[in-house]
Amino acid sequence: FDNLLRETNVYLVTGYIDFTEKNSYENRAGLFAPNGELIGSYTKAHHAPFDNDTFPVGTSFPSYETPIGTIGMVICFDYDFQYTTRSVVMSGADILAVPEWQFGRLGRIAEQQKLIFRAVESRVPAVSADLAWTSIIVAANGRVVAENDEATTEGEPGLLIGDVRLGPRDAPTMKWGNWVGTFAMAGTAGLLVGAGTLALRERRRRPSGTPLAAE
């Protein structure tokens, strides 16, 4: 695809299989420059359940500076895990590129929403290119800038175009990581306990058999 890159003068992120050794391979995403040069790559960090993946998983989360921004990559099932995208953004990425192959329309219902959460949690835009139903461009605030037609069939060519601001990479999760979720859960539990305690006290104060006052 060197000629395509030179003709369009774009930076390209695409998934590919790297056969590192005989009977061994790695599931990777590569970032290519407009001249066709491979700038860098990312190795998928998580096996998807039930797909019999046997490739070695990646343990690094790089990002790469380009004239159009610092680009980070994750692959498909990787963004089901908040720490994966957070690690890529913490390495410097101010935009995420996500090649993926989801499972039919389930991807549109579930996985697309997860990518929106990852963009908001990291405060960076995300661009997903799927074989079919979940291709989407998401701004850092979670706004869907563009998405493919729900009627798109698997493998059908598609084109999404949208403008997004890079970064700003200033979400609380970037500073405090999973503690943000822990504090949120603890706060929610505290509110529930508090509400239940107040309701119980009110019930005990009211004499037995006393009807509730009409509103």
# chains A, B, ... in the order shown; residues from 1 in each chain; ligands from 1
>>> residues_around(residues="Ile75 (chain A)", least_positions_apart="3", cutoff="7 Å", atoms="only C-alpha atoms", output="NGL selection string")
:A and (29 or 44 or 78 or 98-100)
>>> residues_around(residues="region 160-165 of chain A", least_positions_apart="3", cutoff="12 Å", atoms="only C-alpha atoms", output="JSON, numbers by chain")
{"A": [68, 69, 94, 95, 96, 119, 123, 124, 125, 126, 127, 128, 129, 130, 134, 135, 136, 137, 138, 139, 140, 141, 142, 143, 144, 145, 146, 147, 148, 149, 157, 168, 169]}
>>> write_last_selection(atoms="N, CA, C and O atoms", output="short mmCIF file (atom, residue, chain, number, x, y, z; two decimals), in the first residue's frame")
data_model
loop_
_atom_site.label_atom_id
_atom_site.label_comp_id
_atom_site.auth_asym_id
_atom_site.auth_seq_id
_atom_site.Cartn_x
_atom_site.Cartn_y
_atom_site.Cartn_z
N ILE A 68 1.16 15.22 12.83
CA ILE A 68 -0.27 15.41 13.05
C ILE A 68 -0.69 15.08 14.48
O ILE A 68 -1.88 15.11 14.81
N GLY A 69 0.26 14.75 15.33
CA GLY A 69 -0.06 14.42 16.72
C GLY A 69 0.69 13.19 17.17
O GLY A 69 1.32 12.49 16.36
N ASP A 94 -1.91 11.47 22.26
CA ASP A 94 -3.04 12.39 22.37
C ASP A 94 -4.15 12.05 21.38
O ASP A 94 -5.09 12.80 21.20
N ILE A 95 -4.05 10.86 20.76
CA ILE A 95 -5.13 10.28 19.96
C ILE A 95 -4.91 8.77 19.90
O ILE A 95 -3.76 8.31 19.85
N LEU A 96 -5.99 8.00 19.96
CA LEU A 96 -5.92 6.55 19.93
C LEU A 96 -6.43 6.02 18.59
O LEU A 96 -7.49 6.45 18.12
N ALA A 119 -12.40 6.89 25.68
CA ALA A 119 -12.05 8.24 25.24
C ALA A 119 -12.28 9.24 26.36
O ALA A 119 -11.45 10.11 26.63
N ARG A 123 -9.49 11.22 28.13
CA ARG A 123 -9.56 12.58 27.57
C ARG A 123 -8.70 12.71 26.33
O ARG A 123 -7.96 13.67 26.15
N VAL A 124 -8.84 11.71 25.45
CA VAL A 124 -8.23 11.79 24.12
C VAL A 124 -9.24 11.26 23.11
O VAL A 124 -10.06 10.40 23.45
N PRO A 125 -9.22 11.74 21.87
CA PRO A 125 -10.11 11.19 20.85
C PRO A 125 -9.66 9.78 20.46
O PRO A 125 -8.50 9.40 20.66
N ALA A 126 -10.59 9.01 19.94
CA ALA A 126 -10.30 7.64 19.52
C ALA A 126 -10.93 7.38 18.15
O ALA A 126 -12.03 7.84 17.87
N VAL A 127 -10.20 6.65 17.32
CA VAL A 127 -10.68 6.29 15.99
C VAL A 127 -10.59 4.78 15.85
O VAL A 127 -9.52 4.19 15.98
N SER A 128 -11.73 4.15 15.63
CA SER A 128 -11.80 2.70 15.48
C SER A 128 -12.15 2.33 14.05
O SER A 128 -13.07 2.90 13.47
N ALA A 129 -11.39 1.40 13.48
CA ALA A 129 -11.68 0.88 12.14
C ALA A 129 -11.93 -0.62 12.25
O ALA A 129 -11.02 -1.39 12.56
N ASP A 130 -13.17 -1.03 12.02
CA ASP A 130 -13.57 -2.42 12.14
C ASP A 130 -13.90 -2.96 10.75
O ASP A 130 -14.09 -2.19 9.80
N THR A 134 -18.61 -1.53 13.88
CA THR A 134 -18.26 -0.66 15.00
C THR A 134 -17.26 0.44 14.63
O THR A 134 -16.66 1.04 15.50
N SER A 135 -17.04 0.72 13.39
CA SER A 135 -16.14 1.81 13.02
C SER A 135 -16.72 3.14 13.51
O SER A 135 -17.90 3.43 13.30
N ILE A 136 -15.87 3.94 14.17
CA ILE A 136 -16.39 5.14 14.83
C ILE A 136 -15.25 6.12 15.09
O ILE A 136 -14.10 5.71 15.27
N ILE A 137 -15.57 7.39 15.09
CA ILE A 137 -14.65 8.45 15.51
C ILE A 137 -15.29 9.13 16.73
O ILE A 137 -16.43 9.59 16.66
N VAL A 138 -14.55 9.16 17.84
CA VAL A 138 -15.07 9.70 19.09
C VAL A 138 -14.17 10.84 19.57
O VAL A 138 -12.95 10.70 19.60
N ALA A 139 -14.78 11.95 19.95
CA ALA A 139 -14.02 13.07 20.52
C ALA A 139 -13.66 12.77 21.98
O ALA A 139 -14.20 11.84 22.59
N ALA A 140 -12.75 13.57 22.53
CA ALA A 140 -12.28 13.33 23.90
C ALA A 140 -13.38 13.49 24.94
O ALA A 140 -13.27 12.95 26.04
N ASN A 141 -14.45 14.20 24.62
CA ASN A 141 -15.56 14.36 25.56
C ASN A 141 -16.65 13.30 25.37
O ASN A 141 -17.71 13.37 25.98
N GLY A 142 -16.38 12.31 24.51
CA GLY A 142 -17.34 11.23 24.29
C GLY A 142 -18.31 11.46 23.16
O GLY A 142 -19.12 10.59 22.84
N ARG A 143 -18.23 12.63 22.53
CA ARG A 143 -19.15 12.93 21.43
C ARG A 143 -18.78 12.08 20.21
O ARG A 143 -17.62 12.01 19.81
N VAL A 144 -19.78 11.43 19.63
CA VAL A 144 -19.56 10.64 18.42
C VAL A 144 -19.51 11.58 17.23
O VAL A 144 -20.50 12.21 16.88
N VAL A 145 -18.34 11.68 16.61
CA VAL A 145 -18.14 12.58 15.48
C VAL A 145 -18.62 11.94 14.19
O VAL A 145 -19.23 12.60 13.34
N ALA A 146 -18.36 10.66 14.04
CA ALA A 146 -18.80 9.93 12.85
C ALA A 146 -18.85 8.45 13.17
O ALA A 146 -18.07 7.95 13.99
N GLU A 147 -19.77 7.74 12.54
CA GLU A 147 -19.86 6.29 12.71
C GLU A 147 -20.43 5.69 11.44
O GLU A 147 -21.07 6.36 10.65
N ASN A 148 -20.15 4.40 11.26
CA ASN A 148 -20.62 3.75 10.04
C ASN A 148 -22.11 3.47 10.10
O ASN A 148 -22.72 3.43 11.16
N ASP A 149 -22.69 3.27 8.94
CA ASP A 149 -24.12 2.97 8.83
C ASP A 149 -24.41 1.63 9.48
O ASP A 149 -23.70 0.65 9.27
N PRO A 157 -16.60 -2.05 2.14
CA PRO A 157 -15.77 -0.84 2.28
C PRO A 157 -16.58 0.31 2.88
O PRO A 157 -17.77 0.45 2.64
N PRO A 168 -7.16 16.55 25.61
CA PRO A 168 -6.05 17.18 26.36
C PRO A 168 -5.36 16.28 27.38
O PRO A 168 -4.47 16.72 28.09
N ARG A 169 -5.79 15.02 27.51
CA ARG A 169 -5.13 14.05 28.39
C ARG A 169 -5.15 14.48 29.86
O ARG A 169 -4.21 14.22 30.60
#
>>> residues_around(residues="Phe61 (chain A)", least_positions_apart="6", cutoff="8 Å", atoms="only C-alpha atoms", output="VMD selection string")
chain A and resid 42 72 84 87 to 88 91
>>> atom_distance(atom1="CA of Glu37 (chain A)", atom2="CA of Gly58 (chain A)")
21.9 Å
>>> closest_residue(among="A:Ile17, A:Leu166, A:Ile71, A:Val89", to="Ala33 (chain A)", atoms="only C-alpha atoms")
A:Ile71
